[in-house]
Amino acid sequence: MNYNEILQAARTCMGPYCKACPVCDGKACRNTIPGPGSKGLGVTFQRNYQKWQELCVQMDTICDNRPADTSFDFFGAKLRLPVLAAPVGAMKMHYGDKYDDAAYNDLLVASCRSAGILACTGDGIDDGVMQGALQAIRAAQGCGVPTVKPWDRDTLFRKLEQIRKAEPLAVAMDIDAAGLPFLQHRTPPAGSKTVQELREIIAFAGKPFILKGIMTPAGARKAMEAGAAGIVVSNHGGRVLDQCPSTAEVLPAIADAVGGWMKIFVDGGIRTGLDVFKALALGADGVLIGRPFVTMVYGGGSEGVQVYADKLQNELQDAMQMCGVHSLEQISRDQIFRP
């Protein structure tokens with residue numbers, strides 16, 4: 001199957017909310033929750049996508065004629081691409097009945113490992129969601145990143161104890177997840193964390209810890225102060241707060257604040273290898289991509305993940321070669337033009 005055939009197949013088994021659009025830009029699903037849309041007017045999801053498209057790249061082909069190396073070091077693990085599949089949960093609620101969370105994670109984690117990248121897994125109100133995710137990560141010899149929500153202390157430490165036993169490459173927390181509509185007024189509660197609380201959490205986790213949901217330089221500095229090894233610049237695709245700036249807009253200032261001190265990932269509206277190139281040029285070390293991987297899994301299973309990873313790598317290599325760079329480290333803001 002090729003990419004377009006996988007999209008077409010996904011349309012037969014996703015829904016009613018996700019339309020498996022030719023371009024996943026947030027317009028058709030808009031503010032559909034349940035579903036892949038976002039809060040309020042649904043404009044943040046669309047803004048994430050649009051701001052990457054407004055950035056142009058600077059072509060320069062007077063350079064060495066040699067292959068572009070897209071390999072990436074993720075806390076000691078060598079990946080084919082600086083790309084992780086973002087954590088996605090409540091699959092049946094948001095995307096259709098073909099997969100529950102456990103089946104989706106089983107397929108995604110193994111497929112990403114085979115494709116030379118990594119999957120982040122989600123968390124949920126049902127303890128079985130995390131247990132299933134960790135089972136998939138154990139089966140992949142730790143090649144995955146479990147993402148825990150900012151629960152109350154007892155729940156959080158109990159889940160972190162389970163995570164430690166699975167020995168993943170890293171652990172993440174989507175600290176902004178308390179704003180998700182389906183987590184409101186639930187037991188156990190989820191909520192904000194202080195720097196001191198995060199220090200304790202990160203020390204207990206015992207693995208490189210990534211805080212997802214950072215949107216300001218101040219937030220990035222607090223994450224660094226707490227001992228995080230990495231952050232994800234993310235507004236949760238607009239699902240936690242409407243009318244946020246896009247991740248592309250805030251990334252440069254965050255990279256200026258903490259770049260070189262911790263790994264910086266960015267999530268939100270990244271769809272192609274050219275988008276990945278732009279993200280790295282603005283200061284990210286790597287990217288997370290969420291909804292498109294869901295479409296690939298629903299439409300093509302493991303083959304869908306492989307096809308998408310191949311597409312991303314080909315597009316990233318093409319952008320690098322046409323802009324005169326041959327390694328990820330050579331990508332810089334010099335290759336970006338703002339109209």
# chains A, B, ... in the order shown; residues from 1 in each chain; ligands from 1

call {"tool": "select_by_dssp", "arguments": {"residues": "segment 15-46 of chain A", "states": "helix (DSSP H, G or I)", "output": "PyMOL selection string"}}
result
chain A and resi 43-46

call {"tool": "write_last_selection", "arguments": {"atoms": "N, CA and C atoms", "output": "PDB file, in the first residue's frame"}}
result
ATOM      1  N   VAL A  43      -9.625  26.542  17.122  1.00  0.00           N
ATOM      2  CA  VAL A  43      -8.674  27.239  16.264  1.00  0.00           C
ATOM      3  C   VAL A  43      -7.220  26.885  16.574  1.00  0.00           C
ATOM      4  N   THR A  44      -6.925  26.400  17.773  1.00  0.00           N
ATOM      5  CA  THR A  44      -5.525  26.138  18.126  1.00  0.00           C
ATOM      6  C   THR A  44      -4.944  25.005  17.292  1.00  0.00           C
ATOM      7  N   PHE A  45      -5.685  23.947  17.114  1.00  0.00           N
ATOM      8  CA  PHE A  45      -5.264  22.829  16.262  1.00  0.00           C
ATOM      9  C   PHE A  45      -4.940  23.355  14.866  1.00  0.00           C
ATOM     10  N   GLN A  46      -5.819  24.168  14.301  1.00  0.00           N
ATOM     11  CA  GLN A  46      -5.599  24.707  12.962  1.00  0.00           C
ATOM     12  C   GLN A  46      -4.395  25.644  12.917  1.00  0.00           C
TER      13      GLN A  46
END

call {"tool": "select_by_dssp", "arguments": {"residues": "segment 175-254 of chain A", "states": "strand (DSSP E)", "output": "PyMOL selection string"}}
result
chain A and resi 209-214+230-233

call {"tool": "write_last_selection", "arguments": {"atoms": "N, CA and C atoms", "output": "PDB file, in the first residue's frame"}}
result
ATOM      1  N   PHE A 209      13.524  11.962  32.148  1.00  0.00           N
ATOM      2  CA  PHE A 209      12.124  12.369  32.323  1.00  0.00           C
ATOM      3  C   PHE A 209      11.821  13.548  31.407  1.00  0.00           C
ATOM      4  N   ILE A 210      10.733  13.430  30.657  1.00  0.00           N
ATOM      5  CA  ILE A 210      10.330  14.451  29.685  1.00  0.00           C
ATOM      6  C   ILE A 210       9.008  15.057  30.125  1.00  0.00           C
ATOM      7  N   LEU A 211       8.962  16.372  30.207  1.00  0.00           N
ATOM      8  CA  LEU A 211       7.722  17.072  30.560  1.00  0.00           C
ATOM      9  C   LEU A 211       7.079  17.610  29.289  1.00  0.00           C
ATOM     10  N   LYS A 212       5.888  17.139  29.021  1.00  0.00           N
ATOM     11  CA  LYS A 212       5.146  17.528  27.807  1.00  0.00           C
ATOM     12  C   LYS A 212       4.066  18.544  28.188  1.00  0.00           C
ATOM     13  N   GLY A 213       3.992  19.620  27.399  1.00  0.00           N
ATOM     14  CA  GLY A 213       3.000  20.647  27.667  1.00  0.00           C
ATOM     15  C   GLY A 213       3.635  21.964  28.075  1.00  0.00           C
ATOM     16  N   ILE A 214       4.859  22.209  27.596  1.00  0.00           N
ATOM     17  CA  ILE A 214       5.586  23.440  27.910  1.00  0.00           C
ATOM     18  C   ILE A 214       5.363  24.429  26.763  1.00  0.00           C
ATOM     19  N   GLY A 230      14.230  16.468  29.376  1.00  0.00           N
ATOM     20  CA  GLY A 230      13.708  16.987  28.124  1.00  0.00           C
ATOM     21  C   GLY A 230      12.331  17.575  28.321  1.00  0.00           C
ATOM     22  N   ILE A 231      11.910  18.370  27.355  1.00  0.00           N
ATOM     23  CA  ILE A 231      10.568  18.934  27.362  1.00  0.00           C
ATOM     24  C   ILE A 231       9.940  18.729  25.989  1.00  0.00           C
ATOM     25  N   VAL A 232       8.621  18.772  25.956  1.00  0.00           N
ATOM     26  CA  VAL A 232       7.896  18.813  24.693  1.00  0.00           C
ATOM     27  C   VAL A 232       7.121  20.115  24.647  1.00  0.00           C
ATOM     28  N   VAL A 233       7.460  20.948  23.683  1.00  0.00           N
ATOM     29  CA  VAL A 233       6.691  22.163  23.443  1.00  0.00           C
ATOM     30  C   VAL A 233       5.371  21.720  22.811  1.00  0.00           C
TER      31      VAL A 233
END

call {"tool": "residues_around", "arguments": {"residues": "segment 277-286 of chain A", "least_positions_apart": "3", "cutoff": "9 Å", "atoms": "only C-alpha atoms", "output": "ChimeraX atom specification"}}
result
/A:52,55-57,72,81-84,233,248,251-256,259,263-266,270,272-274,315-317,319-320,328-336

call {"tool": "write_last_selection", "arguments": {"atoms": "N, CA and C atoms", "output": "compact mmCIF listing (two decimals), in the first residue's frame"}}
result
# COMPACT_ATOMS: atom_id res chain seq x y z
N TRP A 52 3.32 26.25 10.69
CA TRP A 52 4.43 25.54 10.04
C TRP A 52 4.43 25.81 8.55
N LEU A 55 6.13 29.13 7.34
CA LEU A 55 7.58 29.21 7.34
C LEU A 55 8.14 28.70 6.01
N CYS A 56 9.08 29.40 5.44
CA CYS A 56 9.74 28.97 4.22
C CYS A 56 11.16 28.52 4.54
N VAL A 57 11.73 27.70 3.68
CA VAL A 57 13.09 27.23 3.87
C VAL A 57 14.01 27.83 2.80
N PHE A 72 19.40 10.01 14.86
CA PHE A 72 19.14 10.84 16.03
C PHE A 72 19.43 10.04 17.30
N LEU A 81 15.29 8.50 12.73
CA LEU A 81 14.74 9.84 12.52
C LEU A 81 14.54 10.52 13.86
N PRO A 82 14.55 11.86 13.91
CA PRO A 82 14.23 12.57 15.15
C PRO A 82 12.72 12.70 15.34
N VAL A 83 12.04 11.57 15.27
CA VAL A 83 10.58 11.54 15.28
C VAL A 83 10.08 10.50 16.28
N LEU A 84 9.12 10.90 17.11
CA LEU A 84 8.42 9.97 17.99
C LEU A 84 6.93 10.07 17.70
N VAL A 233 7.46 20.95 23.68
CA VAL A 233 6.69 22.16 23.44
C VAL A 233 5.37 21.72 22.81
N ALA A 248 4.92 26.36 16.86
CA ALA A 248 5.96 26.96 16.02
C ALA A 248 6.28 28.38 16.46
N LEU A 251 8.33 28.15 19.98
CA LEU A 251 9.53 27.30 20.03
C LEU A 251 10.84 28.07 20.05
N PRO A 252 11.05 29.08 19.19
CA PRO A 252 12.37 29.74 19.19
C PRO A 252 12.76 30.33 20.54
N ALA A 253 11.83 31.00 21.21
CA ALA A 253 12.16 31.62 22.51
C ALA A 253 12.46 30.55 23.55
N ILE A 254 11.75 29.43 23.50
CA ILE A 254 12.02 28.34 24.44
C ILE A 254 13.39 27.72 24.16
N ALA A 255 13.71 27.54 22.88
CA ALA A 255 15.03 27.00 22.52
C ALA A 255 16.13 27.94 22.97
N ASP A 256 15.92 29.24 22.85
CA ASP A 256 16.92 30.20 23.31
C ASP A 256 17.11 30.12 24.82
N GLY A 259 17.90 25.63 25.28
CA GLY A 259 18.59 24.80 24.29
C GLY A 259 20.02 24.51 24.70
N LYS A 263 16.98 18.23 26.17
CA LYS A 263 16.43 17.95 24.85
C LYS A 263 15.08 18.66 24.70
N ILE A 264 14.87 19.24 23.52
CA ILE A 264 13.64 19.95 23.23
C ILE A 264 12.93 19.24 22.08
N PHE A 265 11.72 18.80 22.35
CA PHE A 265 10.86 18.23 21.32
C PHE A 265 9.69 19.19 21.10
N VAL A 266 9.07 19.09 19.94
CA VAL A 266 7.92 19.94 19.67
C VAL A 266 6.83 19.09 19.04
N ILE A 270 2.73 19.11 12.98
CA ILE A 270 3.84 18.64 12.14
C ILE A 270 3.35 17.42 11.36
N THR A 272 4.89 16.55 7.81
CA THR A 272 5.81 16.08 6.77
C THR A 272 7.26 16.16 7.25
N GLY A 273 8.14 15.56 6.47
CA GLY A 273 9.56 15.68 6.76
C GLY A 273 10.05 17.11 6.62
N LEU A 274 9.44 17.89 5.74
CA LEU A 274 9.79 19.30 5.62
C LEU A 274 9.40 20.05 6.89
N GLU A 315 11.36 12.91 2.86
CA GLU A 315 11.10 14.36 2.80
C GLU A 315 12.14 15.14 3.60
N LEU A 316 12.54 14.62 4.75
CA LEU A 316 13.55 15.30 5.56
C LEU A 316 14.90 15.30 4.84
N GLN A 317 15.28 14.17 4.27
CA GLN A 317 16.54 14.09 3.54
C GLN A 317 16.54 15.05 2.35
N ALA A 319 14.85 17.85 2.04
CA ALA A 319 14.97 19.22 2.55
C ALA A 319 16.41 19.52 2.95
N MET A 320 17.05 18.58 3.63
CA MET A 320 18.43 18.79 4.06
C MET A 320 19.36 18.97 2.87
N LEU A 328 21.78 16.46 11.20
CA LEU A 328 20.78 17.21 11.96
C LEU A 328 21.42 18.39 12.68
N GLU A 329 22.66 18.21 13.13
CA GLU A 329 23.34 19.26 13.88
C GLU A 329 23.60 20.50 13.04
N GLN A 330 23.65 20.35 11.73
CA GLN A 330 23.92 21.48 10.85
C GLN A 330 22.67 22.32 10.55
N ILE A 331 21.50 21.81 10.90
CA ILE A 331 20.27 22.55 10.64
C ILE A 331 20.17 23.72 11.62
N SER A 332 19.92 24.92 11.10
CA SER A 332 19.87 26.10 11.96
C SER A 332 18.84 27.09 11.43
N ARG A 333 18.65 28.17 12.14
CA ARG A 333 17.69 29.19 11.72
C ARG A 333 18.10 29.90 10.44
N ASP A 334 19.36 29.74 10.05
CA ASP A 334 19.79 30.30 8.76
C ASP A 334 19.03 29.70 7.59
N GLN A 335 18.48 28.47 7.81
CA GLN A 335 17.73 27.82 6.74
C GLN A 335 16.24 28.19 6.72
N ILE A 336 15.84 29.09 7.60
CA ILE A 336 14.43 29.49 7.67
C ILE A 336 14.27 30.92 7.16

call {"tool": "closest_atom_pairs", "arguments": {"of": "segment 143-214 of chain A", "to": "segment 108-111 of chain A", "cutoff": "10 Å", "atoms": "only C-alpha atoms", "output": "JSON lines"}}
result
{"residue": "A:Cys143", "atom": "CA", "partner": "A:Val109", "partner_atom": "CA", "distance": 7.5}
{"residue": "A:Gly144", "atom": "CA", "partner": "A:Val109", "partner_atom": "CA", "distance": 6.4}
{"residue": "A:Val145", "atom": "CA", "partner": "A:Val109", "partner_atom": "CA", "distance": 9.2}

call {"tool": "residues_around", "arguments": {"residues": "Val307 of chain A", "least_positions_apart": "2", "cutoff": "9 Å", "atoms": "only C-alpha atoms", "output": "PDB file with N, CA and C atoms, in the first residue's frame"}}
result
ATOM      1  N   MET A   1       0.838  -1.204   0.000  1.00  0.00           N
ATOM      2  CA  MET A   1       0.000   0.000   0.000  1.00  0.00           C
ATOM      3  C   MET A   1       0.873   1.254   0.000  1.00  0.00           C
ATOM      4  N   ASN A   2       0.410   2.282  -0.700  1.00  0.00           N
ATOM      5  CA  ASN A   2       1.098   3.554  -0.601  1.00  0.00           C
ATOM      6  C   ASN A   2       0.355   4.461   0.386  1.00  0.00           C
ATOM      7  N   TYR A   3       0.900   5.648   0.603  1.00  0.00           N
ATOM      8  CA  TYR A   3       0.347   6.554   1.616  1.00  0.00           C
ATOM      9  C   TYR A   3      -1.117   6.895   1.341  1.00  0.00           C
ATOM     10  N   ILE A   6      -3.472   4.040   2.085  1.00  0.00           N
ATOM     11  CA  ILE A   6      -3.669   3.851   3.525  1.00  0.00           C
ATOM     12  C   ILE A   6      -4.677   4.867   4.059  1.00  0.00           C
ATOM     13  N   ALA A 115      10.320   0.360  12.455  1.00  0.00           N
ATOM     14  CA  ALA A 115      10.567   1.449  11.514  1.00  0.00           C
ATOM     15  C   ALA A 115      11.745   2.330  11.921  1.00  0.00           C
ATOM     16  N   MET A 296      -2.507   6.162  10.100  1.00  0.00           N
ATOM     17  CA  MET A 296      -1.696   5.126   9.467  1.00  0.00           C
ATOM     18  C   MET A 296      -1.972   3.759  10.076  1.00  0.00           C
ATOM     19  N   GLY A 300      -3.545   1.052   7.775  1.00  0.00           N
ATOM     20  CA  GLY A 300      -2.564   0.121   7.238  1.00  0.00           C
ATOM     21  C   GLY A 300      -1.823  -0.714   8.252  1.00  0.00           C
ATOM     22  N   SER A 302       0.799  -2.129  10.746  1.00  0.00           N
ATOM     23  CA  SER A 302       2.256  -1.974  10.787  1.00  0.00           C
ATOM     24  C   SER A 302       2.797  -1.413   9.473  1.00  0.00           C
ATOM     25  N   GLU A 303       2.214  -1.828   8.371  1.00  0.00           N
ATOM     26  CA  GLU A 303       2.653  -1.318   7.071  1.00  0.00           C
ATOM     27  C   GLU A 303       2.425   0.190   6.993  1.00  0.00           C
ATOM     28  N   GLY A 304       1.333   0.665   7.562  1.00  0.00           N
ATOM     29  CA  GLY A 304       1.058   2.090   7.552  1.00  0.00           C
ATOM     30  C   GLY A 304       2.121   2.888   8.290  1.00  0.00           C
ATOM     31  N   VAL A 305       2.550   2.385   9.432  1.00  0.00           N
ATOM     32  CA  VAL A 305       3.594   3.064  10.206  1.00  0.00           C
ATOM     33  C   VAL A 305       4.892   3.102   9.413  1.00  0.00           C
ATOM     34  N   ALA A 309       6.840   6.465   8.118  1.00  0.00           N
ATOM     35  CA  ALA A 309       8.221   6.728   8.529  1.00  0.00           C
ATOM     36  C   ALA A 309       9.129   6.898   7.311  1.00  0.00           C
ATOM     37  N   ASP A 310       8.926   6.062   6.297  1.00  0.00           N
ATOM     38  CA  ASP A 310       9.707   6.193   5.060  1.00  0.00           C
ATOM     39  C   ASP A 310       9.443   7.544   4.403  1.00  0.00           C
ATOM     40  N   LYS A 311       8.191   7.944   4.366  1.00  0.00           N
ATOM     41  CA  LYS A 311       7.809   9.227   3.761  1.00  0.00           C
ATOM     42  C   LYS A 311       8.482  10.386   4.504  1.00  0.00           C
ATOM     43  N   LEU A 312       8.418  10.364   5.821  1.00  0.00           N
ATOM     44  CA  LEU A 312       9.039  11.423   6.613  1.00  0.00           C
ATOM     45  C   LEU A 312      10.539  11.497   6.364  1.00  0.00           C
TER      46      LEU A 312
END

call {"tool": "atom_distance", "arguments": {"atom1": "atom CA of Thr147 of chain A", "atom2": "atom CA of Met91 of chain A"}}
result
15.4 Å

call {"tool": "residues_around", "arguments": {"residues": "Asp123 of chain A", "least_positions_apart": "5", "cutoff": "12 Å", "atoms": "only C-alpha atoms", "output": "MDAnalysis selection string"}}
result
chainID A and resid 86:91 101:102 105 128:134 145:151 155:156 159:160 163 171:174 177 183 190

call {"tool": "closest_residue", "arguments": {"among": "A:Leu241, A:Ile289, A:Met215, A:Ala178", "to": "Gly191 of chain A", "atoms": "only C-alpha atoms"}}
result
A:Ala178
